[in-house]
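Engineer: Take this structure first; my questions come after.
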Amino acid sequence: MESRRGHELHLAGITQRFGDYVAVRDIDLKIGAGELVALLGPSGCGKSTLLRIISGFMPQTEGKVFFDGEAVDHLPPNKRGVGIVFQNYALFPHMTIRQNIAYGLEVQRVPAARLKTRVDEMLDLVHMGEFAERYPRQLSGGQQQRIALARCLAVDPKILLLDEPFGALDKNLRLDMQIEVKRLQREYGITTVLVTHDQEEALSMADRVAVMSRGRIEQIASPTDIYDRPETLFVNQFVGSTNVLPGIAGEMAGAGQQVTLACGERIALAEGSRLATGAQVQVSIRPEHLTLQTAPLDNAITGVIKAVMPLGPQVLYDIAVGDGTDIKVSVPRKRGDEFLLSGTRIFAAPVPPAGYRAFPV
Amino acid sequence: MSDPRARPDWEAVSLRLVFGLLAAVALIFLVAPTLVILITSFTDSESLRFPPTGFSLRWYEALLDADQMQRAAWNSLQIAVCTTLLCVLLGTPASIAMARSRHPWIRACDVLFMSPLLLPALAFGFAGLIFVNQMGFRPSVTFLVLGHTIVCVPFVLRTTIAAMTQLDPALLDASRSLGASEWTTFRRVTLPLIAKGIAAGAFLAFMASFDNVPVSLFLADERTEVLPIHLWQQIESNLDVRTAAASGVIVMLTLGLMIIAERTAGLTRQMR
Ligand SMILES: Nc1ncnc2c1ncn2[C@@H]1O[C@H](COP(=O)(O)OP(=O)(O)O)[C@@H](O)[C@H]1O
Ligand SMILES: [Mg+2]
């Protein structure tokens, strides 16, 4: 078998227009050999369009695509060596599992003997040997997906593209398949782009996550940074949930900047914030980064508990603050704990090292 | 609300009764004439009277000597085969192109190609004759086949376009990304997956050509007599009982073909 070293993918200034509509806007993205990058974003933000550009099905309006530093824009999809796993798997319904996996090798005229060993190897890899003579419709969703992956890997693609590959699976199976795909991806060291609108999927599988919105990449960073250090309010809101409170930036006070919230409270931001004094800002804090207490707390927002929702391992409190807005606070549930009661006046403050983050409006 | 042991739900029962009756009436109207002609064809008398007074196979035996009728049947068969081939050869690529496109011109073409199904075939046949004459030709088998093709191609178009719409475009992308050229993708993915649709259309086109009267009436030359017209003339001139036997043969052959088509191509499924 050929070397299992991954290939580098570089998108340089990619723009895609459909008439006046800009579906993808000036995307620059470098993906290292063997890396798994997730494109995460709401439906319609241009993820699939970007995949079609990488795979050669759609010539981009502007920009260039490089594999290992070489431009591939002139190569049609069948010459690019990009493997795609589709959301509905797109297995050929008129071929058996074996024929499906052999298809790519056959059309690339791999000699019969090598073809057979390769197909068997792929069937083993995805533990589907006993299903070789079945037809796709006789397999479950998870099994079909394995075959789709095996069919793709059989021809040794340079780049692997996964377009919402787990969307059609139910929740338990989805987790199993995510682990399985991750294992194969590691084992093969294949450079992979995973498209998804499911943040958990992106955070759990990817080495880096690129959060997209309206054709742009808002932030590209490790899952931890995306979650803990979002650079834009969009990223903050799209990945995980967060409370957003409008306010006005004030003076620097020690390490953090002061913000006066619309609800009347004055709080200090996490270190490193530097916003123009007097600027309109949106202050964001995640429900699980807040703690609740009936006694006064430093840097707290005060409010009255409106509702208590025990959600298994977490208890979610809905709290009314000054100006009619609500915030949510999620508290881990310990055995024997009493819930705070509705109507209680409480103080909610960030648990270090988490802090309030502010984004200019 | 509906406990099966409780009072019968009269509304549901009467609804079913009405639909059942309607279906039965429709079935009788569809099947009865065919049954009458089948039964009559086994008569032992010289007349087409129904019900027959006795049973015999004499009229079927008589078919064996009916040279003229056999020649007409052979003509019809050859014309239907040629027509079907042309319909498939022209209709399949056209359907594939049209199924993919949303362009207004393509929509217009679709309506145009389908129009023979809607327009009176008699008018079309007559127009065809005038057209052929204007171009300075005389009616001939070639023009007959071309005329049949125009009125039969909609069947191939409808079933093939339906099959194309069922075809998941991701399959074609998958094939291409695995290294197959467009042509290989067509041969190994598209064609096998729409083959049943094409086959169903071909079957319908064949049948439509085989019993076409209006176009044949105008475009056949004097020497080429087709079966349906021949049968009509026999009935008109001397109430020939052999026509009943010929109809019997046609009905049975059609039934046989339909069963084969249903088994292999799922004919009715392709027409939905
Ligand atoms: N071929 C096309 N022609 C016109 N508009 C398109 C085409 N493909 C995609 N779009 C538009 O581009 C935007 C991005 O689409 P897509 O990349 O499929 O989004 P995503 O995969 O993130 O849901 C959408 O608004 C979509 O309507
Ligand atoms: Mg998409």
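Chains: A, B, ... in order of the structure tokens. Residues: from 1 per chain. Ligands: from 1, in order shown.
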Residues of chain B near chain A: apply a cut-off of 9 Å, count only C-alpha atoms, and supply the list as number ranges by chain.
Structural biologist: B: 168-182, 184, 189, 192-193
Engineer: Residues within 6 Å of ligand 1 should be enumerated using only C-alpha atoms and all ligand atoms and returned as number ranges by chain.
Structural biologist: A: 18, 23, 43-49
Engineer: Take the selection from the previous step and output its residues with N, CA, C and O atoms, as an mmCIF file, in the first residue's frame.
Structural biologist:
```cif
data_model
loop_
_atom_site.group_PDB
_atom_site.id
_atom_site.type_symbol
_atom_site.label_atom_id
_atom_site.label_comp_id
_atom_site.auth_asym_id
_atom_site.auth_seq_id
_atom_site.Cartn_x
_atom_site.Cartn_y
_atom_site.Cartn_z
ATOM 1 N N PHE A 18 -23.372 33.153 -6.445
ATOM 2 C CA PHE A 18 -24.463 32.665 -7.296
ATOM 3 C C PHE A 18 -25.247 33.899 -7.712
ATOM 4 O O PHE A 18 -26.046 34.399 -6.937
ATOM 5 N N ALA A 23 -22.203 33.176 -1.564
ATOM 6 C CA ALA A 23 -22.417 32.018 -0.686
ATOM 7 C C ALA A 23 -21.182 31.754 0.166
ATOM 8 O O ALA A 23 -21.283 31.289 1.299
ATOM 9 N N SER A 43 -27.294 26.004 8.922
ATOM 10 C CA SER A 43 -27.638 25.594 7.579
ATOM 11 C C SER A 43 -27.682 26.813 6.651
ATOM 12 O O SER A 43 -28.173 27.871 7.030
ATOM 13 N N GLY A 44 -27.087 26.667 5.470
ATOM 14 C CA GLY A 44 -27.105 27.760 4.500
ATOM 15 C C GLY A 44 -25.907 28.690 4.600
ATOM 16 O O GLY A 44 -25.830 29.681 3.886
ATOM 17 N N CYS A 45 -24.934 28.382 5.471
ATOM 18 C CA CYS A 45 -23.815 29.301 5.643
ATOM 19 C C CYS A 45 -22.701 29.032 4.630
ATOM 20 O O CYS A 45 -21.688 29.715 4.622
ATOM 21 N N GLY A 46 -22.859 28.027 3.776
ATOM 22 C CA GLY A 46 -21.890 27.821 2.706
ATOM 23 C C GLY A 46 -20.956 26.634 2.905
ATOM 24 O O GLY A 46 -19.986 26.488 2.166
ATOM 25 N N LYS A 47 -21.264 25.774 3.862
ATOM 26 C CA LYS A 47 -20.373 24.637 4.142
ATOM 27 C C LYS A 47 -20.317 23.676 2.953
ATOM 28 O O LYS A 47 -19.234 23.315 2.487
ATOM 29 N N SER A 48 -21.483 23.264 2.480
ATOM 30 C CA SER A 48 -21.500 22.305 1.369
ATOM 31 C C SER A 48 -20.893 22.912 0.121
ATOM 32 O O SER A 48 -20.213 22.222 -0.648
ATOM 33 N N THR A 49 -21.147 24.184 -0.087
ATOM 34 C CA THR A 49 -20.561 24.859 -1.244
ATOM 35 C C THR A 49 -19.040 24.750 -1.201
ATOM 36 O O THR A 49 -18.402 24.432 -2.201
#
```
Engineer: If DSSP is run on the backbone, what residues of stretch 14-59 of chain B are alpha helix (DSSP H)? A reply as a PyMOL selection string would be ideal.
Structural biologist: chain B and resi 14-41+58-59
Engineer: Nearest to A:Met205 among A:Ile190, A:Ala113, A:Val181, A:Leu245, with distances taken over only C-alpha atoms: which residue is it?
Structural biologist: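 Answer, going by the shortest atom-to-atom distance: A:Val181.
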Engineer: How many Å lie between atom CA of B:Arg188 and atom CA of A:Val110, rounded to one decimal?
Structural biologist: 16.6 Å
Engineer: Of the candidates A:Lys182, A:Arg174, A:Arg214, A:Lys334, which one gets nearest to A:Asp198 if we count only C-alpha atoms?
Structural biologist: A:Arg174
Engineer: Give me every strand (DSSP E or B) residue in stretch 110-327 of chain A, going by DSSP on the backbone, as a ChimeraX atom specification.
Structural biologist: /A:159-163,191-196,208-213,216-221,243-253,256-261,266-268,280-285,290-293,301-311,314-321,326-327
Engineer: Which residue gives the smallest distance to B:Lys196 among B:Ala208, B:Ala245, B:Leu257, B:Val156, with only C-alpha atoms counted?
Structural biologist: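 Among the listed residues, B:Val156 lies closest to B:Lys196.
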Engineer: Using only C-alpha atoms, which residues sit within 12 Å of A:Leu340 once same-chain residues fewer than 4 positions away are excluded, as a list in words?
Structural biologist: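 Counting only the stated atoms, we get Leu292, Gln293, Thr294, Val304, Ile305, Lys306, Ala307, Val308, Met309, Pro310, Val315, Leu316, Tyr317, Asp318, Ile319, Val329, Val331, Arg333, Thr344, Arg345, Ile346 and Phe347 of chain A.
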Engineer: Leaving out A:Gln60 and any residue of its chain fewer than 3 positions from it, which residues lie within 12 Å of it when counting only C-alpha atoms, given as a list of chain:residue names?
Structural biologist: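 Near A:Gln60, the qualifying residues are A:Leu11, A:Ala12, A:Gly13, A:Ile14, A:Thr15, A:Gln16, A:Arg17, A:Phe18, A:Val22, A:Ala23, A:Val24, A:Arg25, A:Asp26, A:Ile27, A:Thr49, A:Leu50, A:Leu51, A:Arg52, A:Ile53, A:Ile54, A:Ser55, A:Gly56, A:Phe57, A:Gly63, A:Lys64, A:Val65, A:Val72, A:Asp73, A:His74.
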Engineer: Let's have the selection written as a short mmCIF file (atom, residue, chain, number, x, y, z; two decimals), in the first residue's frame, with C-alpha atoms.
Structural biologist:
```cif
data_model
loop_
_atom_site.label_atom_id
_atom_site.label_comp_id
_atom_site.auth_asym_id
_atom_site.auth_seq_id
_atom_site.Cartn_x
_atom_site.Cartn_y
_atom_site.Cartn_z
CA LEU A 11 -7.79 27.19 0.37
CA ALA A 12 -6.63 30.63 -0.71
CA GLY A 13 -9.09 33.48 -1.05
CA ILE A 14 -12.04 31.32 -2.06
CA THR A 15 -15.18 33.22 -3.01
CA GLN A 16 -18.31 31.74 -4.54
CA ARG A 17 -21.11 33.83 -6.00
CA PHE A 18 -24.46 32.66 -7.30
CA VAL A 22 -22.26 35.53 -2.15
CA ALA A 23 -22.42 32.02 -0.69
CA VAL A 24 -18.75 31.83 0.32
CA ARG A 25 -16.69 34.92 0.97
CA ASP A 26 -12.91 35.10 0.84
CA ILE A 27 -12.10 31.93 2.74
CA THR A 49 -20.56 24.86 -1.24
CA LEU A 50 -17.03 24.87 0.13
CA LEU A 51 -16.91 21.07 -0.01
CA ARG A 52 -18.10 21.10 -3.62
CA ILE A 53 -15.32 23.53 -4.44
CA ILE A 54 -12.68 21.37 -2.75
CA SER A 55 -13.92 18.24 -4.51
CA GLY A 56 -14.03 19.94 -7.90
CA PHE A 57 -17.77 19.73 -8.55
CA GLY A 63 -9.42 31.91 -5.29
CA LYS A 64 -7.35 28.78 -5.52
CA VAL A 65 -7.31 25.30 -4.02
CA VAL A 72 -5.69 21.55 -8.36
CA ASP A 73 -8.27 23.90 -9.82
CA HIS A 74 -7.85 22.48 -13.32
#
```
Engineer: Leaving out stretch 107-109 of chain B and any residue of its chain fewer than 6 positions from it, which residues lie within 10 Å of it when counting only C-alpha atoms, given as a ChimeraX atom specification?
Structural biologist: /B:94,98-99,101,115
Engineer: Of the candidates A:Ile97, A:Leu40, A:Ala112, A:Ala348, which shows the shortest atom-to-atom distance to A:Glu218, using only C-alpha atoms?
Structural biologist: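 Between A:Ile97, A:Leu40, A:Ala112, A:Ala348, the residue approaching A:Glu218 most closely is A:Leu40.
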